[in-house]
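Here is the structure we will look at.
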Amino acid sequence: MNPHYHWITEGVELLSFSLFAPVLTILVAYKGWRERADPKQYGVRCIASGGTAVALFGVAKWINADIRTPQYLAQWACIVLSLLLVGVCAGWLFSVLISIWHWHKSTSAT
(Lines give C-alpha, C1' and ligand atoms only; values in the text may rest on other atoms or scores of the structure.)
Protein backbone atom coordinates (compact mmCIF):
# COMPACT_ATOMS: atom_id res chain seq x y z
CA MET A 1 0.00 0.00 0.00
CA ASN A 2 1.37 3.36 -0.96
CA PRO A 3 1.61 5.85 1.94
CA HIS A 4 0.24 8.56 -0.39
CA TYR A 5 -3.15 6.84 -0.28
CA HIS A 6 -3.35 6.90 3.51
CA TRP A 7 -6.11 9.52 3.33
CA ILE A 8 -8.41 6.93 1.70
CA THR A 9 -8.21 4.54 4.63
CA GLU A 10 -8.61 7.37 7.11
CA GLY A 11 -11.66 8.63 5.21
CA VAL A 12 -13.31 5.21 5.24
CA GLU A 13 -12.65 4.89 8.98
CA LEU A 14 -14.13 8.33 9.59
CA LEU A 15 -17.21 7.52 7.50
CA SER A 16 -17.61 4.20 9.28
CA PHE A 17 -17.53 5.86 12.67
CA SER A 18 -19.50 9.02 11.93
CA LEU A 19 -22.03 7.86 9.31
CA PHE A 20 -22.38 4.10 8.90
CA ALA A 21 -22.27 3.12 12.59
CA PRO A 22 -25.02 5.61 13.61
CA VAL A 23 -27.16 4.49 10.66
CA LEU A 24 -26.73 0.87 11.75
CA THR A 25 -27.63 1.88 15.30
CA ILE A 26 -30.85 3.52 14.13
CA LEU A 27 -31.80 0.62 11.84
CA VAL A 28 -31.20 -2.06 14.48
CA ALA A 29 -33.01 -0.06 17.17
CA TYR A 30 -35.98 0.46 14.83
CA LYS A 31 -36.07 -3.26 14.03
CA GLY A 32 -36.02 -4.06 17.75
CA TRP A 33 -38.75 -1.55 18.44
CA ARG A 34 -40.98 -3.01 15.72
CA GLU A 35 -40.52 -6.63 16.83
CA ARG A 36 -40.87 -6.08 20.60
CA ALA A 37 -39.34 -9.44 21.47
CA ASP A 38 -37.72 -10.59 24.69
CA PRO A 39 -35.15 -8.11 26.06
CA LYS A 40 -32.92 -11.03 27.08
CA GLN A 41 -32.59 -11.99 23.43
CA TYR A 42 -31.59 -8.43 22.53
CA GLY A 43 -29.16 -8.38 25.44
CA VAL A 44 -27.42 -11.50 24.19
CA ARG A 45 -27.14 -9.97 20.72
CA CYS A 46 -25.76 -6.76 22.21
CA ILE A 47 -23.13 -8.60 24.24
CA ALA A 48 -22.18 -10.82 21.28
CA SER A 49 -21.73 -7.94 18.84
CA GLY A 50 -19.93 -5.82 21.44
CA GLY A 51 -17.61 -8.67 22.38
CA THR A 52 -16.84 -9.34 18.74
CA ALA A 53 -16.09 -5.64 18.20
CA VAL A 54 -13.70 -5.60 21.14
CA ALA A 55 -12.01 -8.80 19.93
CA LEU A 56 -11.58 -7.42 16.40
CA PHE A 57 -10.16 -4.18 17.75
CA GLY A 58 -7.75 -6.18 19.93
CA VAL A 59 -6.62 -8.18 16.90
CA ALA A 60 -6.11 -4.95 14.95
CA LYS A 61 -4.00 -3.53 17.77
CA TRP A 62 -2.03 -6.77 18.00
CA ILE A 63 -1.21 -6.77 14.26
CA ASN A 64 0.57 -3.38 14.57
CA ALA A 65 1.45 -3.25 10.85
CA ASP A 66 3.22 -0.56 8.90
CA ILE A 67 1.25 1.07 6.10
CA ARG A 68 3.65 -0.30 3.48
CA THR A 69 2.97 -3.94 4.38
CA PRO A 70 0.09 -6.18 3.28
CA GLN A 71 -0.83 -6.80 6.92
CA TYR A 72 -2.01 -3.19 7.09
CA LEU A 73 -5.07 -4.10 5.00
CA ALA A 74 -5.99 -6.84 7.49
CA GLN A 75 -5.52 -4.41 10.36
CA TRP A 76 -7.60 -1.78 8.59
CA ALA A 77 -10.39 -4.28 7.84
CA CYS A 78 -10.49 -5.33 11.51
CA ILE A 79 -10.80 -1.70 12.60
CA VAL A 80 -13.59 -0.90 10.13
CA LEU A 81 -15.56 -4.04 11.04
CA SER A 82 -15.06 -3.25 14.71
CA LEU A 83 -16.47 0.25 14.23
CA LEU A 84 -19.50 -1.14 12.40
CA LEU A 85 -20.10 -3.75 15.10
CA VAL A 86 -20.04 -1.01 17.72
CA GLY A 87 -22.98 0.55 15.85
CA VAL A 88 -24.83 -2.76 15.86
CA CYS A 89 -24.12 -3.21 19.57
CA ALA A 90 -25.49 0.25 20.32
CA GLY A 91 -28.63 -0.54 18.31
CA TRP A 92 -29.28 -3.71 20.29
CA LEU A 93 -28.64 -1.79 23.51
CA PHE A 94 -31.28 0.76 22.52
CA SER A 95 -33.64 -2.13 21.71
CA VAL A 96 -33.09 -3.56 25.20
CA LEU A 97 -33.75 -0.17 26.79
CA ILE A 98 -36.87 0.39 24.68
CA SER A 99 -38.28 -3.04 25.50
CA ILE A 100 -37.61 -2.56 29.22
CA TRP A 101 -39.27 0.86 29.05
CA HIS A 102 -42.37 -0.67 27.41
CA TRP A 103 -42.39 -3.50 29.95
CA HIS A 104 -42.20 -1.33 33.04
CA LYS A 105 -45.60 -0.70 34.68
CA SER A 106 -45.02 2.97 35.46
CA THR A 107 -44.65 3.83 31.75
CA SER A 108 -47.83 2.15 30.56
CA ALA A 109 -50.77 4.35 29.58
CA THR A 110 -53.46 2.02 30.90
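So you can find residues: chains in the C-alpha coordinates are A, B, ... in the order shown, residues in each start at 1, and ligands are numbered from 1 in order.
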
Could you build a table of the residues in segment 3-69 of chain A lying no more than 7 Å from segment 81-105 of chain A, giving for each the nearest pair of atoms and their separation in Å rounded to one decimal place, using only C-alpha atoms, ordered by chain and ascending residue number, as CSV?
residue,atom,partner,partner_atom,distance
A:Ser16,CA,A:Leu83,CA,6.4
A:Phe17,CA,A:Leu83,CA,5.9
A:Phe20,CA,A:Leu84,CA,6.9
A:Ala21,CA,A:Gly87,CA,4.2
A:Pro22,CA,A:Gly87,CA,5.9
A:Leu24,CA,A:Gly87,CA,5.6
A:Thr25,CA,A:Gly91,CA,4.0
A:Ile26,CA,A:Gly91,CA,6.2
A:Val28,CA,A:Gly91,CA,4.9
A:Ala29,CA,A:Gly91,CA,4.6
A:Gly32,CA,A:Ser95,CA,5.0
A:Trp33,CA,A:Ser95,CA,6.1
A:Arg36,CA,A:Ser99,CA,6.3
A:Pro39,CA,A:Val96,CA,5.1
A:Tyr42,CA,A:Trp92,CA,5.7
A:Gly43,CA,A:Val96,CA,6.2
A:Arg45,CA,A:Trp92,CA,6.6
A:Cys46,CA,A:Cys89,CA,4.7
A:Ser49,CA,A:Cys89,CA,5.3
A:Gly50,CA,A:Cys89,CA,5.3
A:Ala53,CA,A:Ser82,CA,4.4
A:Val54,CA,A:Ser82,CA,7.0
A:Leu56,CA,A:Ser82,CA,5.7
A:Phe57,CA,A:Ser82,CA,5.8

(request) Between atom CA of Ala65 of chain A and atom CA of Leu15 of chain A, measure the distance and give it in Å to one decimal. (result) 21.8 Å

(message) Need the shell around Ala60 of chain A: protein/DNA/RNA residues with any atom at most 7 Å away, counting only C-alpha atoms. Skip same-chain ones fewer than 3 positions apart. Format as a list in words?
(response) Leu56, Phe57, Ile63, Asn64, Gln75, Cys78 and Ile79 of chain A

(request) From a DSSP calculation on the backbone, collect every residue of segment 5-92 of chain A in alpha helix (DSSP H) and output the set as a ChimeraX atom specification. (result) /A:6-15,21-35,39-63,71-92
